[in-house]
>>> print(open('query-v6.txt').read())   # compact mmCIF, C-alpha atoms
# COMPACT_ATOMS: atom_id res chain seq x y z
CA MET A 1 5.57 -10.10 -10.98
CA LEU A 2 2.06 -10.93 -9.88
CA ALA A 3 3.35 -11.56 -6.36
CA TYR A 4 5.06 -8.16 -6.38
CA ARG A 5 1.88 -6.58 -7.70
CA HIS A 6 0.04 -8.08 -4.76
CA GLY A 7 2.41 -6.57 -2.25
CA ASP A 8 5.29 -9.03 -2.02
CA ALA A 9 8.38 -6.81 -2.13
CA GLY A 10 10.62 -9.88 -1.96
CA ALA A 11 9.20 -11.09 -5.27
CA PHE A 12 10.59 -8.03 -7.01
CA GLU A 13 14.03 -8.65 -5.56
CA ALA A 14 13.96 -12.19 -6.93
CA LEU A 15 12.89 -10.94 -10.36
CA TYR A 16 15.51 -8.25 -10.33
CA ALA A 17 18.27 -10.66 -9.39
CA ARG A 18 17.31 -12.98 -12.25
CA HIS A 19 17.05 -10.36 -14.99
CA LYS A 20 19.42 -7.58 -14.04
CA GLY A 21 22.50 -8.98 -15.82
CA PRO A 22 20.91 -9.64 -19.22
CA LEU A 23 19.03 -6.36 -19.18
CA TYR A 24 22.05 -4.37 -18.12
CA ARG A 25 24.21 -5.84 -20.87
CA PHE A 26 21.43 -5.41 -23.40
CA VAL A 27 21.19 -1.70 -22.64
CA LEU A 28 24.93 -1.19 -22.23
CA ARG A 29 25.69 -2.69 -25.62
CA ALA A 30 22.76 -1.05 -27.34
CA VAL A 31 23.77 2.55 -26.61
CA LYS A 32 26.93 4.57 -26.52
CA GLY A 33 28.28 5.40 -23.10
CA ARG A 34 28.09 3.67 -19.77
CA ALA A 35 26.52 6.61 -17.94
CA LEU A 36 23.74 6.82 -20.48
CA ALA A 37 23.25 3.06 -20.33
CA GLU A 38 22.92 3.11 -16.56
CA GLU A 39 20.45 5.97 -16.70
CA LEU A 40 18.31 4.11 -19.23
CA TYR A 41 18.65 0.86 -17.30
CA GLN A 42 17.33 2.53 -14.14
CA GLU A 43 14.49 4.16 -16.02
CA ILE A 44 13.45 0.82 -17.47
CA TRP A 45 13.22 -0.73 -14.03
CA MET A 46 11.29 2.27 -12.78
CA ARG A 47 8.82 1.75 -15.59
CA VAL A 48 8.51 -1.88 -14.55
CA ILE A 49 7.80 -0.84 -10.97
CA GLU A 50 5.26 1.76 -12.01
CA ALA A 51 3.55 -0.60 -14.43
CA ARG A 52 3.15 -3.46 -11.95
CA GLY A 53 -0.52 -2.64 -11.43
CA ARG A 54 -1.18 -3.17 -15.14
CA TYR A 55 0.83 -6.35 -15.44
CA THR A 56 -1.11 -9.34 -16.66
CA VAL A 57 0.21 -12.74 -17.58
CA ARG A 58 0.04 -12.63 -21.35
CA ALA A 59 3.61 -13.53 -22.10
CA LYS A 60 6.79 -14.46 -20.31
CA PHE A 61 8.00 -11.82 -17.90
CA THR A 62 11.20 -11.65 -19.93
CA THR A 63 9.24 -10.62 -23.02
CA TRP A 64 7.34 -7.99 -21.03
CA LEU A 65 10.53 -6.63 -19.49
CA PHE A 66 12.41 -6.40 -22.76
CA THR A 67 9.39 -4.87 -24.48
CA ILE A 68 9.59 -2.05 -21.95
CA ALA A 69 13.33 -1.83 -22.58
CA HIS A 70 12.76 -1.71 -26.32
CA HIS A 71 10.27 1.16 -25.97
CA ARG A 72 12.67 3.09 -23.78
CA LEU A 73 15.50 2.61 -26.25
CA ALA A 74 13.24 3.56 -29.13
CA ASP A 75 12.40 6.81 -27.28
CA HIS A 76 16.09 7.43 -26.81
CA TRP A 77 16.95 6.87 -30.46
CA ARG A 78 13.99 8.92 -31.60
CA LYS A 79 15.22 11.84 -29.53
CA ARG A 80 18.60 11.49 -31.15
CA GLY A 81 17.02 11.59 -34.58
CA LEU A 82 17.60 7.95 -35.32
CA LYS A 83 15.05 5.57 -36.70
CA LEU A 84 15.32 2.26 -34.98
CA VAL A 85 13.91 0.20 -37.80
CA GLU A 86 16.46 1.03 -40.47
CA ALA A 87 19.18 2.89 -38.63
CA LEU A 88 22.34 3.04 -40.65
CA GLU A 89 25.81 2.38 -39.48
CA ALA A 90 27.75 5.32 -38.28
CA ASP A 91 30.32 6.72 -40.65
CA ASP A 92 33.10 6.34 -38.15
CA PRO A 93 33.82 2.89 -36.87
CA PRO A 94 32.45 2.89 -33.32
CA ALA A 95 34.60 1.93 -30.40
CA PRO A 96 33.78 -1.31 -28.67
CA ARG A 97 31.44 -0.67 -25.75
CA GLY A 98 30.01 -2.44 -22.80
CA PHE A 99 32.60 -5.13 -22.41
CA GLU A 100 34.54 -6.12 -19.39
CA PRO A 101 38.06 -4.76 -19.15
CA GLU A 102 39.39 -8.30 -18.81
CA ALA A 103 38.00 -9.18 -22.21
CA ARG A 104 39.81 -6.25 -23.77
CA ALA A 105 42.91 -6.83 -21.72
CA GLU A 106 43.17 -10.31 -23.04
CA GLY A 107 44.21 -8.71 -26.27
CA ARG A 108 42.41 -11.23 -28.26
CA GLN A 109 41.88 -9.64 -31.55
CA GLU A 110 38.97 -11.88 -32.32
CA LEU A 111 36.95 -10.56 -29.41
CA GLN A 112 37.87 -7.01 -30.17
CA ARG A 113 36.73 -7.44 -33.73
CA LEU A 114 33.45 -8.95 -32.52
CA ALA A 115 32.90 -6.07 -30.12
CA ALA A 116 33.57 -3.55 -32.82
CA ALA A 117 31.31 -5.35 -35.27
CA LEU A 118 28.48 -5.49 -32.73
CA ALA A 119 28.81 -1.80 -32.00
CA ALA A 120 28.74 -1.10 -35.71
CA LEU A 121 25.54 -3.01 -36.39
CA PRO A 122 22.43 -1.01 -37.24
CA GLU A 123 20.41 -0.40 -34.11
CA ALA A 124 17.59 -2.75 -35.04
CA GLN A 125 19.94 -5.60 -35.90
CA ARG A 126 22.00 -5.08 -32.78
CA GLU A 127 18.89 -5.00 -30.62
CA THR A 128 17.61 -8.18 -32.24
CA PHE A 129 20.91 -9.95 -31.69
CA LEU A 130 21.11 -8.80 -28.05
CA LEU A 131 17.55 -9.87 -27.33
CA HIS A 132 18.40 -13.24 -28.81
CA GLU A 133 21.64 -13.66 -26.87
CA GLU A 134 20.95 -11.88 -23.59
CA ALA A 135 17.24 -12.47 -23.08
CA GLY A 136 17.24 -15.87 -24.79
CA MET A 137 14.25 -14.81 -26.83
CA THR A 138 13.02 -16.63 -29.90
CA VAL A 139 12.36 -14.82 -33.17
CA GLY A 140 8.66 -14.81 -32.35
CA GLU A 141 9.26 -13.29 -28.94
CA ILE A 142 11.62 -10.69 -30.40
CA ALA A 143 8.97 -9.78 -32.95
CA ALA A 144 6.40 -9.39 -30.16
CA ALA A 145 8.72 -7.32 -28.01
CA THR A 146 9.83 -4.98 -30.78
CA GLY A 147 6.56 -4.72 -32.63
CA ALA A 148 8.11 -6.10 -35.80
CA THR A 149 6.88 -8.91 -37.95
CA GLU A 150 8.49 -12.29 -37.44
CA GLU A 151 9.93 -12.07 -40.93
CA ALA A 152 11.58 -8.77 -40.12
CA ALA A 153 12.92 -10.06 -36.82
CA LYS A 154 14.26 -13.17 -38.49
CA SER A 155 15.89 -11.14 -41.23
CA ARG A 156 17.57 -8.79 -38.76
CA LEU A 157 18.92 -11.64 -36.73
CA ARG A 158 20.34 -13.34 -39.81
CA TYR A 159 22.04 -10.17 -41.00
CA ALA A 160 23.47 -9.53 -37.53
CA LEU A 161 24.82 -13.05 -37.21
CA ALA A 162 26.35 -12.89 -40.67
CA LYS A 163 28.16 -9.63 -39.98
CA LEU A 164 29.45 -10.78 -36.62
CA ARG A 165 30.63 -14.07 -38.08
CA GLU A 166 32.40 -12.18 -40.82
CA ALA A 167 34.17 -10.06 -38.24
CA LEU A 168 35.32 -13.12 -36.36
CA ASP A 169 36.63 -14.78 -39.51
CA ASP A 170 38.41 -11.67 -40.70
CA ASP A 171 42.00 -12.60 -39.92
CA MET B 1 8.40 -20.54 -38.44
CA THR B 2 11.88 -21.98 -38.16
CA GLU B 3 14.57 -20.26 -36.13
CA PRO B 4 17.46 -18.76 -38.06
CA ASP B 5 20.59 -20.88 -37.85
CA ARG B 6 22.36 -20.28 -34.64
CA ASP B 7 25.99 -19.42 -35.04
CA ASP B 8 27.76 -21.17 -32.21
CA LYS B 9 31.05 -19.43 -32.93
CA VAL B 10 29.42 -16.02 -32.62
CA THR B 11 27.57 -17.04 -29.47
CA ARG B 12 30.74 -18.43 -27.87
CA ALA B 13 32.72 -15.30 -28.73
CA TYR B 14 29.94 -13.08 -27.46
CA ARG B 15 29.86 -14.95 -24.14
CA ALA B 16 33.60 -14.55 -23.87
CA LEU B 17 33.19 -10.79 -23.93
CA GLY B 18 32.07 -10.95 -20.34
CA GLY B 19 28.95 -10.93 -18.27
CA GLU B 20 29.16 -7.75 -16.33
CA GLY B 21 26.22 -6.50 -14.36
CA PRO B 22 25.01 -3.20 -12.97
CA PRO B 23 27.01 -1.52 -10.21
CA ARG B 24 25.88 -2.20 -6.67
CA ALA B 25 24.72 1.38 -6.14
CA LEU B 26 22.37 1.06 -9.09
CA ASP B 27 20.96 -2.18 -7.70
CA ASP B 28 20.35 -0.56 -4.34
CA ALA B 29 18.66 2.48 -5.86
CA ILE B 30 16.28 0.36 -7.91
CA LEU B 31 15.41 -2.00 -5.07
CA ALA B 32 14.84 0.93 -2.74
CA ALA B 33 12.52 2.47 -5.33
CA SER B 34 10.57 -0.76 -5.57
CA ARG B 35 10.09 -0.82 -1.79
CA ARG B 36 9.10 2.84 -1.73
CA GLN B 37 6.47 2.27 -4.37
CA GLN B 38 5.13 -0.67 -2.44
CA HIS B 39 4.93 1.46 0.70
CA ARG B 40 3.32 4.31 -1.20
CA TRP B 41 0.61 1.94 -2.24
CA ARG B 42 0.01 0.64 1.25
CA VAL B 43 -0.30 3.99 3.01
CA PRO B 44 -3.53 5.09 1.33
CA LEU B 45 -4.83 1.56 1.68
CA SER B 46 -4.12 1.63 5.42
CA ILE B 47 -5.69 5.06 5.79
CA ALA B 48 -8.81 3.88 3.99
CA ALA B 49 -9.03 0.82 6.23
CA VAL B 50 -8.65 2.91 9.38
CA LEU B 51 -11.32 5.36 8.18
CA VAL B 52 -13.78 2.58 7.45
CA LEU B 53 -13.14 1.10 10.88
CA ALA B 54 -13.51 4.47 12.60
CA VAL B 55 -16.79 5.22 10.86
CA GLY B 56 -18.08 1.76 11.73
CA VAL B 57 -17.20 2.14 15.41
CA THR B 58 -18.66 5.65 15.54
CA LEU B 59 -21.92 4.49 14.02
CA ARG B 60 -22.15 1.69 16.54
CA MET B 61 -21.53 4.07 19.42
CA LEU B 62 -24.29 6.47 18.42
CA PRO B 63 -27.42 6.09 20.56
CA GLN B 64 -29.76 3.67 18.89
CA ARG B 65 -33.06 5.00 17.65
CA PRO B 66 -36.09 3.17 18.94
CA ASP B 67 -37.01 0.56 16.44
CA ALA B 68 -39.92 -1.67 15.73
CA GLU B 69 -38.50 -4.20 18.16
CA THR B 70 -38.83 -1.73 20.99
CA VAL B 71 -42.37 -0.95 20.01
CA ALA B 72 -43.11 -4.62 19.88
CA LEU B 73 -42.42 -5.04 23.58
CA ALA B 74 -44.97 -2.49 24.71
CA PRO B 75 -48.19 -4.36 24.00
CA GLN B 76 -47.17 -7.39 25.95
CA VAL B 77 -47.42 -5.40 29.10
CA ILE B 78 -51.05 -4.76 28.38
CA HIS B 79 -52.21 -7.68 26.32
CA GLY B 80 -50.23 -10.62 27.57
CA PRO B 81 -52.00 -13.70 28.88
CA GLN B 82 -52.33 -12.18 32.34
CA PRO B 83 -54.69 -9.33 33.19
CA ALA B 84 -53.27 -5.91 32.64
CA ALA B 85 -53.29 -5.05 36.30
CA GLU B 86 -51.07 -8.02 37.10
CA GLN B 87 -48.74 -7.57 34.18
CA ALA B 88 -45.09 -7.20 34.66
CA ALA B 89 -43.58 -3.88 33.89
CA PRO B 90 -40.55 -3.51 31.72
CA ALA B 91 -37.69 -1.42 32.37
CA GLY B 92 -35.29 1.43 32.69
CA ARG B 93 -33.83 1.05 29.28
CA PHE B 94 -37.28 0.61 27.96
CA ALA B 95 -38.30 3.68 29.83
CA GLN B 96 -35.58 5.65 28.09
CA ASP B 97 -36.92 4.56 24.77
CA ALA B 98 -40.50 5.19 25.71
CA PRO B 99 -41.01 8.85 24.86
CA SER B 100 -39.62 8.67 21.38
CA ALA B 101 -41.05 5.26 20.73
CA ALA B 102 -44.50 6.16 21.83
CA ALA B 103 -44.78 9.16 19.58
CA PRO B 104 -44.55 7.38 16.25
CA VAL B 105 -46.90 4.72 17.47
CA ALA B 106 -49.49 7.29 18.43
CA GLU B 107 -49.18 9.04 15.11
CA ALA B 108 -49.29 5.95 12.98
CA PRO B 109 -51.08 3.08 14.63
CA SER B 110 -51.25 0.98 11.51
CA VAL B 111 -47.50 1.29 11.03
CA ALA B 112 -47.00 0.25 14.61
CA ALA B 113 -49.19 -2.75 14.08
CA ARG B 114 -47.18 -3.78 11.05
CA SER B 115 -43.91 -3.29 12.87
CA VAL B 116 -45.11 -5.33 15.77
CA ALA B 117 -46.33 -8.13 13.59
CA GLY B 118 -43.16 -8.09 11.53
CA THR B 119 -40.72 -8.18 14.38
CA ARG B 120 -42.39 -10.32 16.98
CA ALA B 121 -40.08 -13.24 16.48
CA LYS B 122 -36.84 -11.27 17.03
CA PRO B 123 -36.66 -9.78 20.50
CA ALA B 124 -36.77 -12.89 22.66
CA GLU B 125 -33.22 -12.38 23.89
CA ARG B 126 -34.01 -8.99 25.35
CA GLY B 127 -36.32 -10.43 27.99
CA PRO B 128 -33.84 -11.17 30.75
CA GLN B 129 -32.22 -7.79 30.39
CA LEU B 130 -35.53 -6.06 30.61
CA ALA B 131 -36.60 -8.13 33.60
CA ASN B 132 -34.08 -6.37 35.78
CA GLU B 133 -35.30 -2.95 34.95
CA SER B 134 -38.19 -0.89 36.23
CA ALA B 135 -41.37 -0.41 34.34
CA PRO B 136 -43.35 2.71 34.92
CA ALA B 137 -42.63 4.59 31.74
CA ALA B 138 -43.30 1.50 29.70
CA LEU B 139 -46.64 1.14 31.34
CA GLU B 140 -47.38 4.71 30.43
CA MET B 141 -46.32 4.09 26.87
CA ALA B 142 -48.43 0.97 26.70
CA ARG B 143 -51.39 2.91 27.86
CA ARG B 144 -50.81 5.51 25.20
CA VAL B 145 -50.55 2.84 22.60
CA GLU B 146 -53.83 1.42 23.73
CA ALA B 147 -55.52 4.79 23.80
CA SER B 148 -54.29 6.16 20.52
CA ALA B 149 -53.92 3.07 18.44
CA PRO B 150 -56.71 0.64 19.05
CA ALA B 151 -56.18 -1.08 15.74
CA ALA B 152 -52.52 -1.62 16.46
CA ALA B 153 -53.21 -2.75 19.98
CA GLY B 154 -55.80 -5.20 18.77
CA ALA B 155 -53.41 -6.68 16.28
CA ILE B 156 -50.76 -6.86 18.92
CA ALA B 157 -53.05 -8.55 21.38
CA GLY B 158 -54.08 -11.12 18.82
CA SER B 159 -50.58 -11.87 17.77
CA ALA B 160 -49.36 -12.04 21.34
CA GLN B 161 -51.87 -14.74 22.08
CA ARG B 162 -50.70 -16.74 19.11
CA ASP B 163 -47.12 -16.75 20.21
CA GLY B 164 -46.24 -18.93 23.18
CA ALA B 165 -42.71 -17.63 23.34
CA GLU B 166 -44.01 -14.18 24.02
CA GLU B 167 -45.90 -15.49 27.01
CA GLY B 168 -42.69 -16.87 28.41
CA ARG B 169 -41.10 -13.51 28.16
CA ALA B 170 -44.06 -11.87 29.80
CA ARG B 171 -43.53 -14.18 32.75
CA THR B 172 -39.86 -13.23 32.83
CA LEU B 173 -40.81 -9.62 32.93
CA ALA B 174 -43.09 -10.41 35.89
CA SER B 175 -40.10 -10.47 38.18
CA ALA B 176 -40.26 -6.65 38.14
CA PRO B 177 -42.13 -4.89 41.02
CA PRO B 178 -45.40 -6.70 41.74
CA ALA B 179 -48.56 -5.32 40.22
CA PRO B 180 -51.37 -4.41 42.63
CA GLY B 181 -53.78 -7.20 43.42
CA ALA B 182 -57.57 -6.80 43.33
CA ALA B 183 -57.76 -5.84 47.03
CA THR B 184 -54.98 -3.31 46.68
CA ALA B 185 -56.55 -1.92 43.56
CA ALA B 186 -59.80 -1.49 45.42
CA LYS B 187 -58.14 0.27 48.32
CA PHE B 188 -55.75 2.31 46.21
CA PRO B 189 -57.34 2.92 42.83
CA GLU B 190 -54.45 5.26 42.04
CA ALA B 191 -52.13 2.23 42.18
CA THR B 192 -53.08 1.44 38.62
CA LEU B 193 -51.72 4.80 37.54
CA PRO B 194 -48.16 5.32 36.39
CA PRO B 195 -45.89 6.35 39.28
CA GLU B 196 -45.82 10.05 38.40
CA ALA B 197 -49.61 10.17 38.24
CA TRP B 198 -49.85 8.14 41.43
CA LEU B 199 -47.63 10.65 43.28
CA LYS B 200 -49.65 13.47 41.84
CA ARG B 201 -52.78 11.82 43.19
CA ILE B 202 -51.16 11.52 46.65
CA ALA B 203 -50.34 15.21 46.56
CA GLU B 204 -53.97 15.95 45.67
CA LEU B 205 -55.17 13.81 48.59
CA ARG B 206 -52.99 15.90 50.87
CA LYS B 207 -54.30 19.08 49.40
CA GLU B 208 -57.82 17.86 50.05
CA GLY B 209 -56.88 17.22 53.68
CA ARG B 210 -57.09 13.46 53.35
CA GLU B 211 -53.75 13.01 55.07
CA ARG B 212 -54.28 9.46 56.25
CA GLU B 213 -55.27 8.21 52.82
CA ALA B 214 -52.29 10.05 51.40
CA GLN B 215 -49.94 8.43 53.91
CA GLU B 216 -51.29 4.95 53.23
CA SER B 217 -51.15 5.46 49.52
CA LEU B 218 -47.59 6.73 49.83
CA ALA B 219 -46.65 3.69 51.92
CA GLU B 220 -48.13 1.44 49.28
CA PHE B 221 -46.28 3.36 46.62
CA ARG B 222 -42.96 2.93 48.43
CA LYS B 223 -43.68 -0.75 48.82
CA ARG B 224 -44.17 -1.07 45.07
CA TYR B 225 -41.46 1.28 43.98
CA PRO B 226 -38.80 1.12 46.71
CA ASP B 227 -36.16 2.70 44.47
CA TYR B 228 -38.34 5.47 43.14
CA LYS B 229 -37.16 8.92 44.16
CA ILE B 230 -40.08 10.61 45.89
CA PRO B 231 -40.23 14.41 45.84
CA GLU B 232 -39.28 16.04 49.14
CA ALA B 233 -42.62 17.86 49.27
CA LEU B 234 -44.47 14.59 49.53
CA LEU B 235 -42.26 13.23 52.28
CA ARG B 236 -42.93 16.15 54.58
>>> encode(input="query-v6.txt", output="structure tokens")
Amino acid sequence: MLAYRHGDAGAFEALYARHKGPLYRFVLRAVKGRALAEELYQEIWMRVIEARGRYTVRAKFTTWLFTIAHHRLADHWRKRGLKLVEALEADDPPAPRGFEPEARAEGRQELQRLAAALAALPEAQRETFLLHEEAGMTVGEIAAATGATEEAAKSRLRYALAKLREALDDD
Amino acid sequence: MTEPDRDDKVTRAYRALGGEGPPRALDDAILAASRRQQHRWRVPLSIAAVLVLAVGVTLRMLPQRPDAETVALAPQVIHGPQPAAEQAAPAGRFAQDAPSAAAPVAEAPSVAARSVAGTRAKPAERGPQLANESAPAALEMARRVEASAPAAAGAIAGSAQRDGAEEGRARTLASAPPAPGAATAAKFPEATLPPEAWLKRIAELRKEGREREAQESLAEFRKRYPDYKIPEALLR
């Protein structure tokens, strides 16, 4: 990022190539609707580009990137009247979202249950789980990126894992 | 703080859901935006660099104001190690500087003296250039310095004697048109005048009917200043 900040356009391409998949899946599985996810995904990268002049090496780039993503998602949820911290599950069971057609086509009930369970998680728990799985972030890094305490981040992750495990075991 | 237990079954199942990425068009749009931003940043930077360069070049091309260095050359003509009458005369470029340079010296002799003293060490490299140029205006300026700023001239003379390098340059300057010798000076007292005054004196001789003296003086003048453009009226 520092190289990009100092004028190396190729450095951004390398960064983008490394992080685009995890970030895309993080956003896609955090919100409802592919079109919305892609819009948010593009906005997050635009914020990264615009913020390059302010970038300083205080944490891993991944943490910085997903902090920006978290803020953008928080804005989105706020506009929709949702509180990220303690968002409740929707009344209707949500449809699985953000998964490859092949995964669904496999007809494996286990995966479908997992997808549905992930979509049904409260926003904060889902975000914590996705940051853990997609960005490979530790509880401490998740806490830093989301502005939560480590205890809260740890608690969210535990709840998320428990619910997802329950869905997988639900034969 | 310890990490919560990882659930390998959940992780494995999650990975099996697939690892799709953004569509190509989205990639292209974002990368293009990153390049545009980079370019946007460089344009004002380039403009600023060009402006700085342009201002620098313009400032360098402006005619230089006469400085203390220029003033410092004048006294050598008068107060060098050789007698004033045999001194070399500096030059065309010097002559261009003379009018504006002489004025401040005349108005502020003590300033001139300080400038001369402060800058004596610098101008050594100008000698050869000056040696190829003609001297009359510089002589005139030197005379004005002497007349209007005795204190400055005295300081200059003293400092000139202390500096051997200055003497060397004075000798370099001596390759300019030869100064009149004692015999010439006796025969043509006007030869010690600056060229304009000398020509004026020749014209006066003519007016007084002393044609022969005028002719001889003019011949001597042409010998000393072969390139000097003599007014048509005097040639007739």
>>> closest_atom_pairs(input="query-v6.txt", of="chain A", to="chain B", cutoff="7 Å", atoms="all atoms listed in the file", output="CSV")
residue,atom,partner,partner_atom,distance
A:Gly7,CA,B:Gln38,CA,6.5
A:Ala9,CA,B:Arg35,CA,6.2
A:Glu13,CA,B:Leu31,CA,6.8
A:Lys20,CA,B:Gly21,CA,6.9
A:Gly21,CA,B:Gly21,CA,4.7
A:Tyr24,CA,B:Gly21,CA,6.0
A:Arg25,CA,B:Gly21,CA,6.8
A:Gln42,CA,B:Ile30,CA,6.7
A:Trp45,CA,B:Ile30,CA,6.9
A:Ile49,CA,B:Ser34,CA,6.1
A:Phe99,CA,B:Leu17,CA,5.9
A:Glu100,CA,B:Gly18,CA,5.5
A:Ala103,CA,B:Leu17,CA,5.4
A:Leu111,CA,B:Ala13,CA,6.4
A:Val139,CA,B:Glu3,CA,6.6
A:Lys154,CA,B:Pro4,CA,6.5
A:Arg158,CA,B:Pro4,CA,6.4
A:Leu161,CA,B:Asp7,CA,6.8
A:Leu164,CA,B:Val10,CA,6.6
A:Arg165,CA,B:Val10,CA,5.9
>>> atom_distance(input="query-v6.txt", atom1="CA of Met137 in chain A", atom2="CA of Asp170 in chain A")
28.0 Å
>>> atom_distance(input="query-v6.txt", atom1="CA of Ala183 in chain B", atom2="CA of Tyr225 in chain B")
18.0 Å
>>> atom_distance(input="query-v6.txt", atom1="CA of Gly140 in chain A", atom2="CA of Val31 in chain A")
23.7 Å
>>> residues_around(input="query-v6.txt", residues="Ile230 in chain B", least_positions_apart="6", cutoff="12 Å", atoms="all atoms listed in the file", output="VMD selection string")
chain B and resid 195 to 196 198 to 200 202 to 203 218 to 219 221 to 222 236
>>> residues_around(input="query-v6.txt", residues="Ala152 in chain A", least_positions_apart="2", cutoff="10 Å", atoms="only C-alpha atoms", output="ChimeraX atom specification")
/A:85,124-125,128,139,142-143,147-150,154-158
>>> closest_residue(input="query-v6.txt", among="A:Arg29, A:Lys163, A:Arg52, A:Arg80", to="Trp64 in chain A", atoms="only C-alpha atoms")
A:Arg52
>>> residues_around(input="query-v6.txt", residues="Arg206 in chain B", least_positions_apart="4", cutoff="12 Å", atoms="all atoms listed in the file", output="VMD selection string")
chain B and resid 199 to 202 210 to 218 233 to 236
>>> residues_near_point(input="query-v6.txt", point="(13.7, -15.1, -25.3)", cutoff="12 Å", atoms="all atoms listed in the file", output="MDAnalysis selection string")
chainID A and resid 19 22:23 59:67 128:145
>>> closest_residue(input="query-v6.txt", among="A:Ala3, A:Ala153, A:Arg18, A:Leu73", to="Ala37 in chain A", atoms="all atoms listed in the file")
A:Leu73
